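Here is the structure we will look at, set down as structure tokens.
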Amino acid sequence: MELTTVWFCVVAFLFIGYFVLEGFDFGVGMLLPVLGRDDRERRTMINTIGPLWDGNEVWLIVAGASIFAAFPEWYATLFSGFYLPLLLILVALILRGVAFEYRHQRDDATWKARWDAAIIFGSYVPALLWGVAFGNIVRGVEIDADKNYVGSFFDLLNPYALLAGLVTLTLFLTHGANFLALKTRGVIHERARRTSLQVGLVAAVLAVAFLLWTCLDHDDAWVWILSGLAALAFVGGLVAAYVRRDGWAFVGTMAAIGLAVAALFVALFPDVMPSTLDPAYSLTTENASSTDKTLTIMSWVALVFVPIVIGYQAWSYWVFRKRISVESIPADHGAAPEHTPA
């Protein structure tokens, strides 16, 4: 296998990890005003992702760095052409991160409400726009002979991409609800389980429509297989939620998101950004890549450090595996959020 293909697979793996892991904490943030009826309930929800959200964002940082180093032409065209949506995502992620750190600094209802709004905004915007961005990447955009994006922002708001955005939004909501059902006890647990079933039905319809559209546009056997497996995994997750098997429900949505993202990357390969103006203008794994020497050095670095990062993150999930409830949160909360390890 050529190194360009290896690094395309690495980028795909990193984005799968990002959407699977960051997806549920986006979902928790979006559900904050829905499932959290008072401050203690919202603090309980935030505490479920408190030790995890920043580690989940590492996957995005590494994915972006990998594209920059392995496929600099892809990085340049992507970040210049998708400047506005990617800037909105970045601003939303920054606001969300600041909100997690500052919300607990003052015991004032107005102060907390404003930071809660930042968490909600910082969860909804990326959940929607990541779908729109990947929908456009897979569909193809207006790239000219100089490898520059020559379309407008509104060209990115096409039906296929907007459907992709709604799919990621609803999938992450369902994924977050399943995570809360897995990580909490009491009233939040029950609300989360009901919400996962209600939103999950909407997500299932949207996801099937999007994956079918993708399969018809890219007549590849593996795209059909992965899309079918993603649909089965999601349905299995909904059934598990219905019969109160919280762990399997979370595994179902996790597998569905991972398989769906894998299907998109399979549909994309060997392109990294197809051109709708002329297929000859498309960016591919070959014409967008770095030199073999650069890819070789990167491969050795990745072999050493990626297992370390994955191992550390797996350890953090194990340490903070215990369920929590509203009763775990003190009524007079004036300090940093309490994360209860097992």
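In the structure tokens, the first chain shown is A, the next is B, and so on; residue numbers restart at 1 for each chain, and ligands run from 1 in the order shown.
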
For Leu21 in chain A: contacts at 12 Å, only C-alpha atoms, fewer than 3 positions along chain excluded, given as number ranges by chain: A: 14-18, 24-28, 49, 52-60, 172, 175-176, 179, 250-251, 253-255, 257-258, 313-314, 317

Residues of range 197-229 of chain A at most 12 Å from range 133-150 of chain A: nearest atom pair and distance in Å, only C-alpha atoms, as a tab-separated table:
```
residue	atom	partner	partner_atom	distance
A:Phe210	CA	A:Gly135	CA	9.5
A:Leu211	CA	A:Gly135	CA	10.9
A:Trp213	CA	A:Arg139	CA	10.4
A:Thr214	CA	A:Arg139	CA	8.4
A:Cys215	CA	A:Val138	CA	11.4
A:Leu216	CA	A:Arg139	CA	11.8
A:Asp217	CA	A:Arg139	CA	8.5
A:His218	CA	A:Arg139	CA	9.5
```

A:Phe19, A:Lys112, A:Arg323, A:Ala288 ranked by distance to Met273 in chain A, top pick (using only C-alpha atoms): A:Ala288

Selection: 12 Å around Glu101 in chain A, only C-alpha atoms, excl. self and same-chain fewer than 4 positions, as a PDB file with N, CA, C and O atoms, in the first residue's frame:
```
ATOM      1  N   ILE A  46     -23.084  18.384  32.690  1.00  0.00           N
ATOM      2  CA  ILE A  46     -21.761  18.882  32.319  1.00  0.00           C
ATOM      3  C   ILE A  46     -20.672  18.010  32.928  1.00  0.00           C
ATOM      4  O   ILE A  46     -19.636  17.741  32.294  1.00  0.00           O
ATOM      5  N   ASN A  47     -20.885  17.537  34.149  1.00  0.00           N
ATOM      6  CA  ASN A  47     -19.878  16.715  34.810  1.00  0.00           C
ATOM      7  C   ASN A  47     -19.671  15.363  34.128  1.00  0.00           C
ATOM      8  O   ASN A  47     -18.626  14.745  34.285  1.00  0.00           O
ATOM      9  N   GLY A  50     -17.172  16.461  31.662  1.00  0.00           N
ATOM     10  CA  GLY A  50     -16.131  17.346  32.172  1.00  0.00           C
ATOM     11  C   GLY A  50     -14.712  16.829  32.012  1.00  0.00           C
ATOM     12  O   GLY A  50     -13.824  17.558  31.559  1.00  0.00           O
ATOM     13  N   PRO A  51     -14.444  15.542  32.346  1.00  0.00           N
ATOM     14  CA  PRO A  51     -13.069  15.046  32.214  1.00  0.00           C
ATOM     15  C   PRO A  51     -12.726  14.588  30.800  1.00  0.00           C
ATOM     16  O   PRO A  51     -11.600  14.151  30.565  1.00  0.00           O
ATOM     17  N   TRP A  53     -14.204  16.027  27.420  1.00  0.00           N
ATOM     18  CA  TRP A  53     -14.424  16.809  26.204  1.00  0.00           C
ATOM     19  C   TRP A  53     -13.136  17.338  25.593  1.00  0.00           C
ATOM     20  O   TRP A  53     -12.977  17.335  24.362  1.00  0.00           O
ATOM     21  N   ASP A  54     -12.194  17.804  26.426  1.00  0.00           N
ATOM     22  CA  ASP A  54     -10.969  18.377  25.862  1.00  0.00           C
ATOM     23  C   ASP A  54     -10.097  17.300  25.231  1.00  0.00           C
ATOM     24  O   ASP A  54      -9.438  17.538  24.214  1.00  0.00           O
ATOM     25  N   ILE A  94     -14.214  27.419  20.653  1.00  0.00           N
ATOM     26  CA  ILE A  94     -13.525  28.251  21.649  1.00  0.00           C
ATOM     27  C   ILE A  94     -14.509  28.712  22.716  1.00  0.00           C
ATOM     28  O   ILE A  94     -14.231  28.614  23.921  1.00  0.00           O
ATOM     29  N   LEU A  95     -15.673  29.226  22.302  1.00  0.00           N
ATOM     30  CA  LEU A  95     -16.693  29.667  23.260  1.00  0.00           C
ATOM     31  C   LEU A  95     -17.111  28.523  24.173  1.00  0.00           C
ATOM     32  O   LEU A  95     -17.274  28.696  25.385  1.00  0.00           O
ATOM     33  N   ARG A  96     -17.274  27.350  23.591  1.00  0.00           N
ATOM     34  CA  ARG A  96     -17.698  26.189  24.363  1.00  0.00           C
ATOM     35  C   ARG A  96     -16.648  25.806  25.405  1.00  0.00           C
ATOM     36  O   ARG A  96     -16.973  25.537  26.567  1.00  0.00           O
ATOM     37  N   GLY A  97     -15.390  25.794  24.987  1.00  0.00           N
ATOM     38  CA  GLY A  97     -14.324  25.456  25.923  1.00  0.00           C
ATOM     39  C   GLY A  97     -14.198  26.463  27.055  1.00  0.00           C
ATOM     40  O   GLY A  97     -14.038  26.085  28.223  1.00  0.00           O
ATOM     41  N   GLN A 105     -17.241  29.591  37.958  1.00  0.00           N
ATOM     42  CA  GLN A 105     -16.408  30.539  38.682  1.00  0.00           C
ATOM     43  C   GLN A 105     -17.211  31.502  39.558  1.00  0.00           C
ATOM     44  O   GLN A 105     -16.661  32.089  40.487  1.00  0.00           O
ATOM     45  N   ARG A 106     -18.505  31.685  39.252  1.00  0.00           N
ATOM     46  CA  ARG A 106     -19.342  32.564  40.076  1.00  0.00           C
ATOM     47  C   ARG A 106     -20.668  31.873  40.345  1.00  0.00           C
ATOM     48  O   ARG A 106     -21.266  31.274  39.443  1.00  0.00           O
ATOM     49  N   LYS A 112     -24.245  32.014  35.053  1.00  0.00           N
ATOM     50  CA  LYS A 112     -24.293  30.626  34.590  1.00  0.00           C
ATOM     51  C   LYS A 112     -25.178  30.481  33.352  1.00  0.00           C
ATOM     52  O   LYS A 112     -24.867  29.699  32.445  1.00  0.00           O
ATOM     53  N   TRP A 115     -23.195  31.445  30.250  1.00  0.00           N
ATOM     54  CA  TRP A 115     -22.226  30.428  29.841  1.00  0.00           C
ATOM     55  C   TRP A 115     -22.934  29.167  29.351  1.00  0.00           C
ATOM     56  O   TRP A 115     -22.419  28.469  28.466  1.00  0.00           O
ATOM     57  N   ASP A 116     -24.090  28.874  29.910  1.00  0.00           N
ATOM     58  CA  ASP A 116     -24.877  27.748  29.382  1.00  0.00           C
ATOM     59  C   ASP A 116     -25.257  28.005  27.921  1.00  0.00           C
ATOM     60  O   ASP A 116     -25.208  27.094  27.090  1.00  0.00           O
ATOM     61  N   ALA A 118     -23.560  29.726  25.825  1.00  0.00           N
ATOM     62  CA  ALA A 118     -22.340  29.531  25.035  1.00  0.00           C
ATOM     63  C   ALA A 118     -22.087  28.046  24.782  1.00  0.00           C
ATOM     64  O   ALA A 118     -21.653  27.653  23.693  1.00  0.00           O
ATOM     65  N   ILE A 119     -22.348  27.205  25.792  1.00  0.00           N
ATOM     66  CA  ILE A 119     -22.178  25.760  25.615  1.00  0.00           C
ATOM     67  C   ILE A 119     -23.153  25.235  24.565  1.00  0.00           C
ATOM     68  O   ILE A 119     -22.784  24.434  23.694  1.00  0.00           O
ATOM     69  N   ALA A 335     -17.384  26.076  43.583  1.00  0.00           N
ATOM     70  CA  ALA A 335     -16.033  25.761  43.129  1.00  0.00           C
ATOM     71  C   ALA A 335     -16.096  25.028  41.806  1.00  0.00           C
ATOM     72  O   ALA A 335     -17.109  24.960  41.159  1.00  0.00           O
ATOM     73  N   ALA A 336     -14.965  24.459  41.446  1.00  0.00           N
ATOM     74  CA  ALA A 336     -14.874  23.754  40.158  1.00  0.00           C
ATOM     75  C   ALA A 336     -15.733  22.526  40.160  1.00  0.00           C
ATOM     76  O   ALA A 336     -16.036  21.965  41.218  1.00  0.00           O
ATOM     77  N   PRO A 337     -16.172  22.056  38.964  1.00  0.00           N
ATOM     78  CA  PRO A 337     -16.998  20.863  38.898  1.00  0.00           C
ATOM     79  C   PRO A 337     -16.283  19.655  39.484  1.00  0.00           C
ATOM     80  O   PRO A 337     -15.087  19.496  39.333  1.00  0.00           O
TER      81      PRO A 337
END
```

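The protein and nucleic acid residues lying at most 8 Å from range 290-296 of chain A are Leu3, Thr4, Trp7, Ala69, Ala70, Phe71, Pro72 and Trp300 of chain A, with only C-alpha atoms considered and sequence neighbours fewer than 4 positions away removed.
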
Dump C-alpha atoms for the selected residues as a PDB file, in the first residue's frame?
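After the write, part-v8.pdb holds the following:
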```pdb
ATOM      1  CA  LEU A   3       2.057   5.921   1.835  1.00  0.00           C
ATOM      2  CA  THR A   4      -0.466   8.370   0.379  1.00  0.00           C
ATOM      3  CA  TRP A   7      -2.222   8.576   5.338  1.00  0.00           C
ATOM      4  CA  ALA A  69       1.576  17.682   6.824  1.00  0.00           C
ATOM      5  CA  ALA A  70       0.470  14.782   4.599  1.00  0.00           C
ATOM      6  CA  PHE A  71      -1.779  16.607   2.111  1.00  0.00           C
ATOM      7  CA  PRO A  72      -0.789  20.307   2.072  1.00  0.00           C
ATOM      8  CA  TRP A 300       7.385   6.557  12.185  1.00  0.00           C
TER       9      TRP A 300
END
```

For Leu171 in chain A: contacts at 10 Å, only C-alpha atoms, fewer than 4 positions along chain excluded, given as a ChimeraX atom specification: /A:23-24,27,127,165-167,175-177,196,199-204,206-207,234,253-254,256-257

Selection near Ala302 in chain A, 12 Å with only C-alpha atoms, sequence-local residues under 2 positions removed, as JSON, numbers by chain: {"A": [6, 7, 10, 11, 14, 62, 63, 65, 66, 70, 295, 296, 297, 298, 299, 300, 304, 305, 306, 307, 308, 309, 310]}

Among the residues A:Val326, A:Ala12, A:Leu264, A:Pro33, the one that comes closest to His189 in chain A [using only C-alpha atoms]: A:Val326

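You will find CA of Leu259 in chain A at 5.1 Å from CA of Ala230 in chain A.
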
Nearest-residue call for Arg185 in chain A, choices A:Glu327, A:Asp278, A:Asp38, A:Asp219, using only C-alpha atoms: A:Glu327

Residue list (strand (DSSP E or B), DSSP) for range 39-230 of chain A, as a ChimeraX atom specification: /A:141,143,149,184

Serialized selection, N, CA and C atoms, as an mmCIF file, in the first residue's frame:
```
data_model
loop_
_atom_site.group_PDB
_atom_site.id
_atom_site.type_symbol
_atom_site.label_atom_id
_atom_site.label_comp_id
_atom_site.auth_asym_id
_atom_site.auth_seq_id
_atom_site.Cartn_x
_atom_site.Cartn_y
_atom_site.Cartn_z
ATOM 1 N N VAL A 141 -16.883 20.265 -4.981
ATOM 2 C CA VAL A 141 -17.091 21.713 -5.001
ATOM 3 C C VAL A 141 -16.396 22.306 -6.225
ATOM 4 N N ILE A 143 -13.733 23.677 -7.916
ATOM 5 C CA ILE A 143 -12.280 23.841 -7.852
ATOM 6 C C ILE A 143 -11.766 24.030 -9.271
ATOM 7 N N TYR A 149 -10.688 26.996 -4.708
ATOM 8 C CA TYR A 149 -12.143 26.976 -4.650
ATOM 9 C C TYR A 149 -12.657 28.302 -5.190
ATOM 10 N N THR A 184 -25.660 8.417 33.846
ATOM 11 C CA THR A 184 -26.405 9.045 34.938
ATOM 12 C C THR A 184 -27.417 8.078 35.540
#
```

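Compared by their closest atoms to Glu286 in chain A, and using only C-alpha atoms, the residues A:Trp74, A:Ala181, A:Val91, A:Glu22 rank with A:Trp74 nearest.
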
Test item, alpha helix (DSSP H) assignment across range 272-337 of chain A, answer as a PyMOL selection string: chain A and resi 292-319
